[in-house]
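One file, run.csv, is given below (CSV, N, CA and C atoms).
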```csv
chain,number,residue,atom,x,y,z
A,1,MET,N,14.2,-2.5,-1.8
A,1,MET,CA,13.1,-1.5,-1.7
A,1,MET,C,12.6,-1.3,-3.2
A,2,LYS,N,11.3,-1.1,-3.2
A,2,LYS,CA,10.6,-0.9,-4.5
A,2,LYS,C,9.6,0.3,-4.3
A,3,VAL,N,9.6,1.2,-5.3
A,3,VAL,CA,8.7,2.3,-5.2
A,3,VAL,C,7.5,2.0,-6.2
A,4,ILE,N,6.3,2.0,-5.6
A,4,ILE,CA,5.1,1.8,-6.5
A,4,ILE,C,4.3,3.0,-6.4
A,5,GLU,N,3.9,3.5,-7.6
A,5,GLU,CA,3.1,4.8,-7.6
A,5,GLU,C,2.0,4.7,-8.7
A,6,LYS,N,0.9,5.1,-8.3
A,6,LYS,CA,-0.2,5.2,-9.2
A,6,LYS,C,-0.1,6.5,-10.0
A,7,ALA,N,-0.9,6.8,-11.0
A,7,ALA,CA,-0.9,8.0,-11.8
A,7,ALA,C,-0.9,9.2,-10.8
A,8,PRO,N,-0.2,10.3,-11.1
A,8,PRO,CA,-0.2,11.5,-10.3
A,8,PRO,C,-1.5,12.1,-10.2
A,9,ARG,N,-1.8,12.7,-9.0
A,9,ARG,CA,-3.1,13.3,-8.8
A,9,ARG,C,-3.4,14.5,-9.8
A,10,LYS,N,-2.3,15.1,-10.2
A,10,LYS,CA,-2.4,16.2,-11.2
A,10,LYS,C,-3.0,15.7,-12.5
A,11,MET,N,-2.6,14.4,-12.9
A,11,MET,CA,-3.2,13.9,-14.1
A,11,MET,C,-4.7,13.6,-14.0
A,12,HIS,N,-5.1,13.2,-12.8
A,12,HIS,CA,-6.6,13.0,-12.5
A,12,HIS,C,-7.3,14.4,-12.7
A,13,ILE,N,-6.8,15.4,-12.1
A,13,ILE,CA,-7.4,16.7,-12.2
A,13,ILE,C,-7.5,17.2,-13.7
A,14,GLU,N,-6.4,17.0,-14.4
A,14,GLU,CA,-6.4,17.4,-15.8
A,14,GLU,C,-7.4,16.6,-16.6
A,15,ALA,N,-7.6,15.3,-16.3
A,15,ALA,CA,-8.6,14.5,-17.0
A,15,ALA,C,-10.0,15.0,-16.7
A,16,LEU,N,-10.2,15.3,-15.4
A,16,LEU,CA,-11.6,15.8,-15.0
A,16,LEU,C,-11.9,17.1,-15.7
A,17,LYS,N,-10.9,17.9,-16.0
A,17,LYS,CA,-11.1,19.2,-16.7
A,17,LYS,C,-11.1,19.0,-18.2
A,18,GLY,N,-10.9,17.8,-18.7
A,18,GLY,CA,-11.0,17.5,-20.1
A,18,GLY,C,-9.7,17.8,-20.8
A,19,LYS,N,-8.6,18.1,-20.1
A,19,LYS,CA,-7.3,18.4,-20.7
A,19,LYS,C,-6.5,17.1,-21.0
A,20,ARG,N,-7.0,16.0,-20.6
A,20,ARG,CA,-6.3,14.7,-20.7
A,20,ARG,C,-7.4,13.6,-20.7
A,21,THR,N,-7.0,12.5,-21.3
A,21,THR,CA,-7.9,11.4,-21.2
A,21,THR,C,-7.6,10.5,-20.0
A,22,PHE,N,-8.5,9.6,-19.7
A,22,PHE,CA,-8.3,8.7,-18.5
A,22,PHE,C,-7.5,7.5,-19.0
A,23,GLU,N,-7.2,7.3,-20.2
A,23,GLU,CA,-6.5,6.1,-20.7
A,23,GLU,C,-5.1,6.0,-20.1
A,24,GLU,N,-4.4,7.1,-20.1
A,24,GLU,CA,-3.0,7.0,-19.5
A,24,GLU,C,-3.1,6.8,-18.0
A,25,ILE,N,-4.0,7.4,-17.4
A,25,ILE,CA,-4.2,7.2,-15.9
A,25,ILE,C,-4.5,5.8,-15.6
A,26,ASP,N,-5.4,5.2,-16.4
A,26,ASP,CA,-5.7,3.8,-16.2
A,26,ASP,C,-4.5,2.9,-16.5
A,27,ARG,N,-3.7,3.2,-17.5
A,27,ARG,CA,-2.5,2.5,-17.8
A,27,ARG,C,-1.5,2.5,-16.6
A,28,LEU,N,-1.3,3.7,-16.1
A,28,LEU,CA,-0.3,3.8,-15.0
A,28,LEU,C,-0.9,3.1,-13.7
A,29,ASP,N,-2.1,3.3,-13.4
A,29,ASP,CA,-2.7,2.7,-12.3
A,29,ASP,C,-2.7,1.1,-12.4
A,30,SER,N,-2.9,0.6,-13.6
A,30,SER,CA,-2.8,-0.8,-13.9
A,30,SER,C,-1.4,-1.4,-13.6
A,31,ILE,N,-0.4,-0.6,-14.0
A,31,ILE,CA,1.0,-1.0,-13.7
A,31,ILE,C,1.2,-1.1,-12.2
A,32,ALA,N,0.8,-0.1,-11.5
A,32,ALA,CA,0.9,-0.2,-10.0
A,32,ALA,C,0.2,-1.3,-9.4
A,33,GLU,N,-1.1,-1.6,-9.9
A,33,GLU,CA,-1.8,-2.7,-9.3
A,33,GLU,C,-1.2,-4.0,-9.6
A,34,LYS,N,-0.6,-4.2,-10.8
A,34,LYS,CA,0.1,-5.4,-11.1
A,34,LYS,C,1.3,-5.6,-10.2
A,35,GLU,N,2.0,-4.6,-9.9
A,35,GLU,CA,3.1,-4.6,-9.0
A,35,GLU,C,2.7,-5.1,-7.6
A,36,TRP,N,1.6,-4.5,-7.1
A,36,TRP,CA,1.0,-4.9,-5.8
A,36,TRP,C,0.6,-6.4,-5.8
A,37,MET,N,0.0,-6.9,-7.0
A,37,MET,CA,-0.4,-8.3,-7.0
A,37,MET,C,0.8,-9.2,-7.0
A,38,ILE,N,1.9,-8.8,-7.6
A,38,ILE,CA,3.1,-9.6,-7.6
A,38,ILE,C,3.6,-9.7,-6.1
A,39,LEU,N,3.6,-8.6,-5.4
A,39,LEU,CA,4.0,-8.6,-4.0
A,39,LEU,C,3.1,-9.5,-3.2
A,40,TYR,N,1.8,-9.4,-3.4
A,40,TYR,CA,0.8,-10.2,-2.7
A,40,TYR,C,1.1,-11.7,-2.9
A,41,GLN,N,1.3,-12.1,-4.1
A,41,GLN,CA,1.6,-13.5,-4.4
A,41,GLN,C,2.9,-13.9,-3.8
A,42,SER,N,3.9,-13.1,-3.8
A,42,SER,CA,5.2,-13.5,-3.3
A,42,SER,C,5.1,-13.7,-1.8
A,43,VAL,N,4.3,-13.0,-1.1
A,43,VAL,CA,4.0,-13.2,0.4
A,43,VAL,C,3.2,-14.5,0.5
A,44,LYS,N,2.1,-14.6,-0.2
A,44,LYS,CA,1.2,-15.8,-0.1
A,44,LYS,C,2.0,-17.1,-0.4
A,45,ASN,N,2.8,-17.0,-1.4
A,45,ASN,CA,3.6,-18.2,-1.9
A,45,ASN,C,4.9,-18.5,-1.1
A,46,GLU,N,5.1,-17.7,-0.1
A,46,GLU,CA,6.2,-17.8,0.8
A,46,GLU,C,7.6,-17.5,0.1
A,47,GLU,N,7.5,-16.7,-1.0
A,47,GLU,CA,8.8,-16.3,-1.6
A,47,GLU,C,9.5,-15.2,-0.9
A,48,CYS,N,8.7,-14.5,0.0
A,48,CYS,CA,9.3,-13.5,0.9
A,48,CYS,C,8.5,-13.6,2.2
A,49,ASP,N,9.1,-13.2,3.3
A,49,ASP,CA,8.5,-13.3,4.6
A,49,ASP,C,7.4,-12.2,4.8
A,50,CYS,N,7.8,-11.0,4.4
A,50,CYS,CA,6.8,-9.9,4.5
A,50,CYS,C,7.2,-8.7,3.7
A,51,ILE,N,6.3,-7.8,3.5
A,51,ILE,CA,6.6,-6.5,2.9
A,51,ILE,C,6.0,-5.4,3.8
A,52,HIS,N,6.6,-4.3,3.8
A,52,HIS,CA,6.1,-3.2,4.7
A,52,HIS,C,6.4,-1.9,4.1
A,53,TRP,N,5.5,-0.9,4.4
A,53,TRP,CA,5.7,0.5,3.9
A,53,TRP,C,5.1,1.4,5.0
A,54,ASP,N,5.6,2.6,5.0
A,54,ASP,CA,5.2,3.6,5.9
A,54,ASP,C,4.5,4.8,5.2
A,55,ASP,N,3.5,5.3,5.9
A,55,ASP,CA,2.8,6.5,5.4
A,55,ASP,C,3.7,7.7,5.8
A,56,ALA,N,3.4,8.8,5.2
A,56,ALA,CA,4.2,10.0,5.5
A,56,ALA,C,4.0,10.4,7.0
A,57,PRO,N,5.1,10.9,7.6
A,57,PRO,CA,5.1,11.3,9.0
A,57,PRO,C,4.2,12.5,9.2
A,58,VAL,N,3.6,12.6,10.4
A,58,VAL,CA,2.8,13.7,10.7
A,58,VAL,C,3.3,14.3,12.1
A,59,THR,N,3.3,15.6,12.1
A,59,THR,CA,3.7,16.2,13.4
A,59,THR,C,2.5,16.8,14.1
A,60,SER,N,2.3,16.4,15.4
A,60,SER,CA,1.2,16.9,16.1
A,60,SER,C,1.4,18.3,16.6
A,61,ARG,N,0.4,18.9,17.2
A,61,ARG,CA,0.5,20.2,17.8
A,61,ARG,C,1.5,20.3,18.9
A,62,SER,N,1.6,19.2,19.6
A,62,SER,CA,2.6,19.2,20.7
A,62,SER,C,4.0,18.9,20.2
A,63,GLY,N,4.2,18.7,19.0
A,63,GLY,CA,5.5,18.4,18.4
A,63,GLY,C,5.9,17.0,18.2
A,64,GLY,N,5.0,16.1,18.6
A,64,GLY,CA,5.3,14.6,18.5
A,64,GLY,C,5.2,14.2,17.0
A,65,ILE,N,6.0,13.3,16.6
A,65,ILE,CA,6.0,12.8,15.2
A,65,ILE,C,5.5,11.4,15.2
A,66,SER,N,4.5,11.1,14.3
A,66,SER,CA,4.0,9.8,14.2
A,66,SER,C,3.8,9.4,12.7
A,67,HIS,N,3.7,8.2,12.4
A,67,HIS,CA,3.3,7.7,11.1
A,67,HIS,C,2.7,6.3,11.2
A,68,LEU,N,2.0,5.9,10.2
A,68,LEU,CA,1.4,4.6,10.1
A,68,LEU,C,2.3,3.7,9.3
A,69,GLN,N,2.5,2.5,9.9
A,69,GLN,CA,3.3,1.5,9.2
A,69,GLN,C,2.4,0.3,8.8
A,70,HIS,N,2.5,-0.2,7.6
A,70,HIS,CA,1.6,-1.3,7.1
A,70,HIS,C,2.6,-2.5,6.8
A,71,ILE,N,2.1,-3.7,7.3
A,71,ILE,CA,2.9,-4.9,7.1
A,71,ILE,C,2.1,-6.0,6.5
A,72,LEU,N,2.5,-6.6,5.5
A,72,LEU,CA,1.8,-7.6,4.8
A,72,LEU,C,2.6,-8.9,5.0
A,73,THR,N,2.0,-9.9,5.7
A,73,THR,CA,2.6,-11.2,6.0
A,73,THR,C,1.6,-12.3,5.8
A,74,ARG,N,2.1,-13.6,5.8
A,74,ARG,CA,1.2,-14.7,5.8
A,74,ARG,C,0.4,-14.7,7.1
A,75,SER,N,-0.9,-15.0,6.9
A,75,SER,CA,-1.8,-15.0,8.1
A,75,SER,C,-1.5,-16.2,9.0
A,76,VAL,N,-1.5,-16.0,10.3
A,76,VAL,CA,-1.5,-17.1,11.3
A,76,VAL,C,-2.9,-17.4,11.8
A,77,LYS,N,-3.8,-16.5,11.4
A,77,LYS,CA,-5.2,-16.7,11.8
A,77,LYS,C,-6.1,-17.4,10.9
A,78,GLN,N,-5.7,-17.4,9.6
A,78,GLN,CA,-6.6,-18.0,8.6
A,78,GLN,C,-5.7,-18.6,7.5
A,79,VAL,N,-5.9,-19.9,7.3
A,79,VAL,CA,-5.2,-20.7,6.3
A,79,VAL,C,-5.4,-20.1,4.9
A,80,GLY,N,-4.3,-19.9,4.1
A,80,GLY,CA,-4.4,-19.5,2.8
A,80,GLY,C,-4.6,-18.0,2.6
A,81,ALA,N,-4.5,-17.2,3.7
A,81,ALA,CA,-4.7,-15.8,3.6
A,81,ALA,C,-3.4,-15.1,4.0
A,82,VAL,N,-3.4,-13.8,3.6
A,82,VAL,CA,-2.3,-12.9,4.1
A,82,VAL,C,-2.9,-11.9,5.0
A,83,GLN,N,-2.1,-11.4,5.9
A,83,GLN,CA,-2.6,-10.5,6.9
A,83,GLN,C,-1.9,-9.1,6.7
A,84,LEU,N,-2.8,-8.1,6.7
A,84,LEU,CA,-2.3,-6.7,6.6
A,84,LEU,C,-2.5,-6.1,7.9
A,85,THR,N,-1.4,-5.7,8.5
A,85,THR,CA,-1.4,-5.1,9.9
A,85,THR,C,-1.0,-3.6,9.8
A,86,CYS,N,-1.7,-2.8,10.5
A,86,CYS,CA,-1.5,-1.4,10.6
A,86,CYS,C,-1.1,-1.0,12.0
A,87,ILE,N,0.1,-0.4,12.1
A,87,ILE,CA,0.7,0.0,13.4
A,87,ILE,C,0.9,1.5,13.4
A,88,LEU,N,0.5,2.2,14.4
A,88,LEU,CA,0.8,3.6,14.6
A,88,LEU,C,2.2,3.7,15.3
A,89,VAL,N,3.1,4.4,14.7
A,89,VAL,CA,4.4,4.6,15.3
A,89,VAL,C,4.5,6.0,15.8
A,90,ARG,N,4.4,6.2,17.1
A,90,ARG,CA,4.3,7.5,17.7
A,90,ARG,C,5.5,7.7,18.6
A,91,ASP,N,6.4,8.6,18.2
A,91,ASP,CA,7.6,8.9,19.0
A,91,ASP,C,8.4,7.7,19.3
A,92,GLY,N,8.5,6.7,18.3
A,92,GLY,CA,9.2,5.5,18.5
A,92,GLY,C,8.4,4.4,19.2
A,93,GLU,N,7.2,4.6,19.7
A,93,GLU,CA,6.4,3.6,20.3
A,93,GLU,C,5.5,3.0,19.3
A,94,ASN,N,5.4,1.7,19.2
A,94,ASN,CA,4.5,1.0,18.3
A,94,ASN,C,3.2,0.7,19.0
A,95,ILE,N,2.1,1.1,18.3
A,95,ILE,CA,0.8,0.9,18.8
A,95,ILE,C,0.0,0.2,17.7
A,96,PRO,N,-0.3,-1.1,17.9
A,96,PRO,CA,-1.1,-1.8,17.0
A,96,PRO,C,-2.5,-1.3,16.8
A,97,LEU,N,-2.9,-1.1,15.6
A,97,LEU,CA,-4.3,-0.5,15.3
A,97,LEU,C,-5.2,-1.5,14.8
A,98,SER,N,-4.8,-2.3,13.8
A,98,SER,CA,-5.7,-3.2,13.1
A,98,SER,C,-4.9,-4.3,12.4
A,99,ASP,N,-5.6,-5.4,12.1
A,99,ASP,CA,-5.1,-6.4,11.2
A,99,ASP,C,-6.3,-7.0,10.5
A,100,ILE,N,-6.2,-7.2,9.2
A,100,ILE,CA,-7.2,-7.8,8.4
A,100,ILE,C,-6.7,-9.0,7.7
A,101,GLN,N,-7.5,-10.0,7.5
A,101,GLN,CA,-7.1,-11.2,6.8
A,101,GLN,C,-7.6,-11.0,5.3
A,102,ILE,N,-6.7,-11.2,4.4
A,102,ILE,CA,-7.1,-11.0,3.0
A,102,ILE,C,-6.9,-12.3,2.2
A,103,THR,N,-8.0,-12.7,1.6
A,103,THR,CA,-8.0,-14.0,0.9
A,103,THR,C,-8.1,-13.7,-0.7
A,104,ASP,N,-8.6,-12.6,-1.0
A,104,ASP,CA,-8.7,-12.2,-2.4
A,104,ASP,C,-7.8,-11.1,-2.7
A,105,PRO,N,-6.9,-11.2,-3.7
A,105,PRO,CA,-5.9,-10.2,-4.0
A,105,PRO,C,-6.6,-8.8,-4.3
A,106,ALA,N,-7.8,-8.8,-4.8
A,106,ALA,CA,-8.5,-7.5,-5.1
A,106,ALA,C,-8.8,-6.8,-3.8
A,107,GLU,N,-8.9,-7.5,-2.7
A,107,GLU,CA,-9.1,-6.8,-1.4
A,107,GLU,C,-7.9,-6.0,-1.0
A,108,LEU,N,-6.7,-6.4,-1.3
A,108,LEU,CA,-5.5,-5.6,-1.0
A,108,LEU,C,-5.5,-4.3,-1.7
A,109,LEU,N,-6.0,-4.3,-2.9
A,109,LEU,CA,-6.1,-3.0,-3.7
A,109,LEU,C,-6.9,-1.9,-3.1
A,110,GLN,N,-7.8,-2.3,-2.2
A,110,GLN,CA,-8.6,-1.3,-1.4
A,110,GLN,C,-7.8,-0.6,-0.4
A,111,HIS,N,-6.6,-1.2,0.0
A,111,HIS,CA,-5.8,-0.7,1.1
A,111,HIS,C,-4.5,-0.1,0.7
A,112,ILE,N,-4.2,-0.1,-0.6
A,112,ILE,CA,-2.9,0.4,-1.0
A,112,ILE,C,-2.8,1.9,-1.1
A,113,PRO,N,-1.7,2.5,-0.8
A,113,PRO,CA,-1.6,3.9,-0.9
A,113,PRO,C,-1.3,4.4,-2.4
A,114,HIS,N,-1.4,5.7,-2.6
A,114,HIS,CA,-1.2,6.3,-3.9
A,114,HIS,C,0.3,6.1,-4.3
A,115,ARG,N,1.2,6.2,-3.3
A,115,ARG,CA,2.6,6.0,-3.6
A,115,ARG,C,3.2,5.4,-2.3
A,116,ALA,N,4.1,4.4,-2.5
A,116,ALA,CA,4.7,3.7,-1.4
A,116,ALA,C,6.1,3.3,-1.8
A,117,GLU,N,7.0,3.4,-0.8
A,117,GLU,CA,8.3,2.8,-0.9
A,117,GLU,C,8.2,1.5,-0.1
A,118,VAL,N,8.2,0.4,-0.8
A,118,VAL,CA,7.9,-0.9,-0.2
A,118,VAL,C,9.2,-1.6,0.1
A,119,ASN,N,9.4,-2.0,1.3
A,119,ASN,CA,10.5,-2.9,1.7
A,119,ASN,C,10.1,-4.3,1.7
A,120,ILE,N,10.9,-5.1,1.1
A,120,ILE,CA,10.6,-6.5,0.9
A,120,ILE,C,11.7,-7.3,1.7
A,121,LEU,N,11.1,-8.2,2.6
A,121,LEU,CA,12.0,-9.0,3.5
A,121,LEU,C,11.8,-10.5,3.2
```

Represent the supplied structure as structure tokens.
Amino acid sequence: MKVIEKAPRKMHIEALKGKRTFEEIDRLDSIAEKEWMILYQSVKNEECDCIHWDDAPVTSRSGGISHLQHILTRSVKQVGAVQLTCILVRDGENIPLSDIQITDPAELLQHIPHRAEVNIL
């Protein structure tokens, strides 16, 4: 497991208020993005089968607990691409929501969370 985290939101707020510069935020975000690119390449180059991470759990009004699970694997739909699958896990039941085919590593950066505990298989 690997924890990847962008700059804390508190730093962003301080920078917007002029109490901090954006340089340190950019540096921390750049480190996180490089980590995601390494993971992307390891899946694409078949160095690992998949990576996955979960969003924080949410409790519904009825008391049910659910969370989103994201899985990055090699694509079976498009040659040379990786597939990002999103699954809703609600009370232990898996409900597929979406999958996208990613051919450009920069596309993955549009879908990464602020903080993730990434499992590598």

Using only N, CA and C atoms, can you list as a PyMOL selection string the residues within 7 Å of (2.3, 12.1, 9.4)?
chain A and resi 55-59+65-68

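The residue that comes closest to A:Ile71, out of A:Ile102, A:Thr85, A:Glu14, A:Asp26 and on the basis of all atoms listed in the file, is A:Thr85.
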
DSSP strand (DSSP E or B) residues within stretch 24-59 of chain A, listed as a tab-separated table (two decimals) with N, CA and C atoms, in the frame of the given file:
```tsv
chain	number	residue	atom	x	y	z
A	50	CYS	N	7.80	-11.00	4.40
A	50	CYS	CA	6.80	-9.90	4.50
A	50	CYS	C	7.20	-8.70	3.70
A	51	ILE	N	6.30	-7.80	3.50
A	51	ILE	CA	6.60	-6.50	2.90
A	51	ILE	C	6.00	-5.40	3.80
A	52	HIS	N	6.60	-4.30	3.80
A	52	HIS	CA	6.10	-3.20	4.70
A	52	HIS	C	6.40	-1.90	4.10
A	53	TRP	N	5.50	-0.90	4.40
A	53	TRP	CA	5.70	0.50	3.90
A	53	TRP	C	5.10	1.40	5.00
A	54	ASP	N	5.60	2.60	5.00
A	54	ASP	CA	5.20	3.60	5.90
A	54	ASP	C	4.50	4.80	5.20
A	58	VAL	N	3.60	12.60	10.40
A	58	VAL	CA	2.80	13.70	10.70
A	58	VAL	C	3.30	14.30	12.10
A	59	THR	N	3.30	15.60	12.10
A	59	THR	CA	3.70	16.20	13.40
A	59	THR	C	2.50	16.80	14.10
```

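For the choices A:Met37, A:Ile87, A:Val43, A:Leu121, the atom-to-atom distance to A:Pro105 is smallest for A:Met37 when using all atoms listed in the file.
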
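One distance worth recording is that between atom C of A:Arg9 and atom CA of A:Glu23, which is 14.1 Å.
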
DSSP alpha helix (DSSP H) residues within chain A, listed as a ChimeraX atom specification:
/A:9-16,22-44,105-109

Keeping only N, CA and C atoms, write the selected residues to a file as an mmCIF file, in the frame of the given file.
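The resulting file, result_5.cif, is shown below:
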```
data_model
loop_
_atom_site.group_PDB
_atom_site.id
_atom_site.type_symbol
_atom_site.label_atom_id
_atom_site.label_comp_id
_atom_site.auth_asym_id
_atom_site.auth_seq_id
_atom_site.Cartn_x
_atom_site.Cartn_y
_atom_site.Cartn_z
ATOM 1 N N ARG A 9 -1.800 12.700 -9.000
ATOM 2 C CA ARG A 9 -3.100 13.300 -8.800
ATOM 3 C C ARG A 9 -3.400 14.500 -9.800
ATOM 4 N N LYS A 10 -2.300 15.100 -10.200
ATOM 5 C CA LYS A 10 -2.400 16.200 -11.200
ATOM 6 C C LYS A 10 -3.000 15.700 -12.500
ATOM 7 N N MET A 11 -2.600 14.400 -12.900
ATOM 8 C CA MET A 11 -3.200 13.900 -14.100
ATOM 9 C C MET A 11 -4.700 13.600 -14.000
ATOM 10 N N HIS A 12 -5.100 13.200 -12.800
ATOM 11 C CA HIS A 12 -6.600 13.000 -12.500
ATOM 12 C C HIS A 12 -7.300 14.400 -12.700
ATOM 13 N N ILE A 13 -6.800 15.400 -12.100
ATOM 14 C CA ILE A 13 -7.400 16.700 -12.200
ATOM 15 C C ILE A 13 -7.500 17.200 -13.700
ATOM 16 N N GLU A 14 -6.400 17.000 -14.400
ATOM 17 C CA GLU A 14 -6.400 17.400 -15.800
ATOM 18 C C GLU A 14 -7.400 16.600 -16.600
ATOM 19 N N ALA A 15 -7.600 15.300 -16.300
ATOM 20 C CA ALA A 15 -8.600 14.500 -17.000
ATOM 21 C C ALA A 15 -10.000 15.000 -16.700
ATOM 22 N N LEU A 16 -10.200 15.300 -15.400
ATOM 23 C CA LEU A 16 -11.600 15.800 -15.000
ATOM 24 C C LEU A 16 -11.900 17.100 -15.700
ATOM 25 N N PHE A 22 -8.500 9.600 -19.700
ATOM 26 C CA PHE A 22 -8.300 8.700 -18.500
ATOM 27 C C PHE A 22 -7.500 7.500 -19.000
ATOM 28 N N GLU A 23 -7.200 7.300 -20.200
ATOM 29 C CA GLU A 23 -6.500 6.100 -20.700
ATOM 30 C C GLU A 23 -5.100 6.000 -20.100
ATOM 31 N N GLU A 24 -4.400 7.100 -20.100
ATOM 32 C CA GLU A 24 -3.000 7.000 -19.500
ATOM 33 C C GLU A 24 -3.100 6.800 -18.000
ATOM 34 N N ILE A 25 -4.000 7.400 -17.400
ATOM 35 C CA ILE A 25 -4.200 7.200 -15.900
ATOM 36 C C ILE A 25 -4.500 5.800 -15.600
ATOM 37 N N ASP A 26 -5.400 5.200 -16.400
ATOM 38 C CA ASP A 26 -5.700 3.800 -16.200
ATOM 39 C C ASP A 26 -4.500 2.900 -16.500
ATOM 40 N N ARG A 27 -3.700 3.200 -17.500
ATOM 41 C CA ARG A 27 -2.500 2.500 -17.800
ATOM 42 C C ARG A 27 -1.500 2.500 -16.600
ATOM 43 N N LEU A 28 -1.300 3.700 -16.100
ATOM 44 C CA LEU A 28 -0.300 3.800 -15.000
ATOM 45 C C LEU A 28 -0.900 3.100 -13.700
ATOM 46 N N ASP A 29 -2.100 3.300 -13.400
ATOM 47 C CA ASP A 29 -2.700 2.700 -12.300
ATOM 48 C C ASP A 29 -2.700 1.100 -12.400
ATOM 49 N N SER A 30 -2.900 0.600 -13.600
ATOM 50 C CA SER A 30 -2.800 -0.800 -13.900
ATOM 51 C C SER A 30 -1.400 -1.400 -13.600
ATOM 52 N N ILE A 31 -0.400 -0.600 -14.000
ATOM 53 C CA ILE A 31 1.000 -1.000 -13.700
ATOM 54 C C ILE A 31 1.200 -1.100 -12.200
ATOM 55 N N ALA A 32 0.800 -0.100 -11.500
ATOM 56 C CA ALA A 32 0.900 -0.200 -10.000
ATOM 57 C C ALA A 32 0.200 -1.300 -9.400
ATOM 58 N N GLU A 33 -1.100 -1.600 -9.900
ATOM 59 C CA GLU A 33 -1.800 -2.700 -9.300
ATOM 60 C C GLU A 33 -1.200 -4.000 -9.600
ATOM 61 N N LYS A 34 -0.600 -4.200 -10.800
ATOM 62 C CA LYS A 34 0.100 -5.400 -11.100
ATOM 63 C C LYS A 34 1.300 -5.600 -10.200
ATOM 64 N N GLU A 35 2.000 -4.600 -9.900
ATOM 65 C CA GLU A 35 3.100 -4.600 -9.000
ATOM 66 C C GLU A 35 2.700 -5.100 -7.600
ATOM 67 N N TRP A 36 1.600 -4.500 -7.100
ATOM 68 C CA TRP A 36 1.000 -4.900 -5.800
ATOM 69 C C TRP A 36 0.600 -6.400 -5.800
ATOM 70 N N MET A 37 0.000 -6.900 -7.000
ATOM 71 C CA MET A 37 -0.400 -8.300 -7.000
ATOM 72 C C MET A 37 0.800 -9.200 -7.000
ATOM 73 N N ILE A 38 1.900 -8.800 -7.600
ATOM 74 C CA ILE A 38 3.100 -9.600 -7.600
ATOM 75 C C ILE A 38 3.600 -9.700 -6.100
ATOM 76 N N LEU A 39 3.600 -8.600 -5.400
ATOM 77 C CA LEU A 39 4.000 -8.600 -4.000
ATOM 78 C C LEU A 39 3.100 -9.500 -3.200
ATOM 79 N N TYR A 40 1.800 -9.400 -3.400
ATOM 80 C CA TYR A 40 0.800 -10.200 -2.700
ATOM 81 C C TYR A 40 1.100 -11.700 -2.900
ATOM 82 N N GLN A 41 1.300 -12.100 -4.100
ATOM 83 C CA GLN A 41 1.600 -13.500 -4.400
ATOM 84 C C GLN A 41 2.900 -13.900 -3.800
ATOM 85 N N SER A 42 3.900 -13.100 -3.800
ATOM 86 C CA SER A 42 5.200 -13.500 -3.300
ATOM 87 C C SER A 42 5.100 -13.700 -1.800
ATOM 88 N N VAL A 43 4.300 -13.000 -1.100
ATOM 89 C CA VAL A 43 4.000 -13.200 0.400
ATOM 90 C C VAL A 43 3.200 -14.500 0.500
ATOM 91 N N LYS A 44 2.100 -14.600 -0.200
ATOM 92 C CA LYS A 44 1.200 -15.800 -0.100
ATOM 93 C C LYS A 44 2.000 -17.100 -0.400
ATOM 94 N N PRO A 105 -6.900 -11.200 -3.700
ATOM 95 C CA PRO A 105 -5.900 -10.200 -4.000
ATOM 96 C C PRO A 105 -6.600 -8.800 -4.300
ATOM 97 N N ALA A 106 -7.800 -8.800 -4.800
ATOM 98 C CA ALA A 106 -8.500 -7.500 -5.100
ATOM 99 C C ALA A 106 -8.800 -6.800 -3.800
ATOM 100 N N GLU A 107 -8.900 -7.500 -2.700
ATOM 101 C CA GLU A 107 -9.100 -6.800 -1.400
ATOM 102 C C GLU A 107 -7.900 -6.000 -1.000
ATOM 103 N N LEU A 108 -6.700 -6.400 -1.300
ATOM 104 C CA LEU A 108 -5.500 -5.600 -1.000
ATOM 105 C C LEU A 108 -5.500 -4.300 -1.700
ATOM 106 N N LEU A 109 -6.000 -4.300 -2.900
ATOM 107 C CA LEU A 109 -6.100 -3.000 -3.700
ATOM 108 C C LEU A 109 -6.900 -1.900 -3.100
#
```

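Note that atom C of A:Ile100 and atom N of A:Leu39 are 16.7 Å apart.
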
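Shell of A:Val3 at 5 Å, with all atoms listed in the file counted and residues fewer than 3 places along the chain excluded, is Ala116, Glu117 and Val118 of chain A.
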
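Atom pair atom CA of A:Lys6 / atom CA of A:His114 has a distance of 5.5 Å (rounded to one decimal).
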
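Distances here use only N, CA and C atoms; by that measure, the residue among A:Ile31, A:Ile25, A:Leu97, A:Ala106 closest to A:Pro8 is A:Ile25.
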
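Candidate residues A:Cys86, A:Ala7, A:Ala15, A:Ile120 were compared for distance to A:His52, and the nearest is A:Ile120, using all atoms listed in the file.
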
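Each of A:Arg74, A:His12, A:Arg115, A:Arg27 was compared to A:Asn45 using only N, CA and C atoms, and A:Arg74 turns out to be the nearest.
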
Would you pick out the contacts of A:Ala81 at 8 Å or less, using only C-alpha atoms, so that residues sharing its chain but fewer than 3 positions from it are not included, and give the list as an mmCIF file with N, CA and C atoms, in the frame of the given file?
```cif
data_model
loop_
_atom_site.group_PDB
_atom_site.id
_atom_site.type_symbol
_atom_site.label_atom_id
_atom_site.label_comp_id
_atom_site.auth_asym_id
_atom_site.auth_seq_id
_atom_site.Cartn_x
_atom_site.Cartn_y
_atom_site.Cartn_z
ATOM 1 N N LYS A 44 2.100 -14.600 -0.200
ATOM 2 C CA LYS A 44 1.200 -15.800 -0.100
ATOM 3 C C LYS A 44 2.000 -17.100 -0.400
ATOM 4 N N ARG A 74 2.100 -13.600 5.800
ATOM 5 C CA ARG A 74 1.200 -14.700 5.800
ATOM 6 C C ARG A 74 0.400 -14.700 7.100
ATOM 7 N N SER A 75 -0.900 -15.000 6.900
ATOM 8 C CA SER A 75 -1.800 -15.000 8.100
ATOM 9 C C SER A 75 -1.500 -16.200 9.000
ATOM 10 N N GLN A 78 -5.700 -17.400 9.600
ATOM 11 C CA GLN A 78 -6.600 -18.000 8.600
ATOM 12 C C GLN A 78 -5.700 -18.600 7.500
ATOM 13 N N GLN A 101 -7.500 -10.000 7.500
ATOM 14 C CA GLN A 101 -7.100 -11.200 6.800
ATOM 15 C C GLN A 101 -7.600 -11.000 5.300
ATOM 16 N N ILE A 102 -6.700 -11.200 4.400
ATOM 17 C CA ILE A 102 -7.100 -11.000 3.000
ATOM 18 C C ILE A 102 -6.900 -12.300 2.200
ATOM 19 N N THR A 103 -8.000 -12.700 1.600
ATOM 20 C CA THR A 103 -8.000 -14.000 0.900
ATOM 21 C C THR A 103 -8.100 -13.700 -0.700
#
```
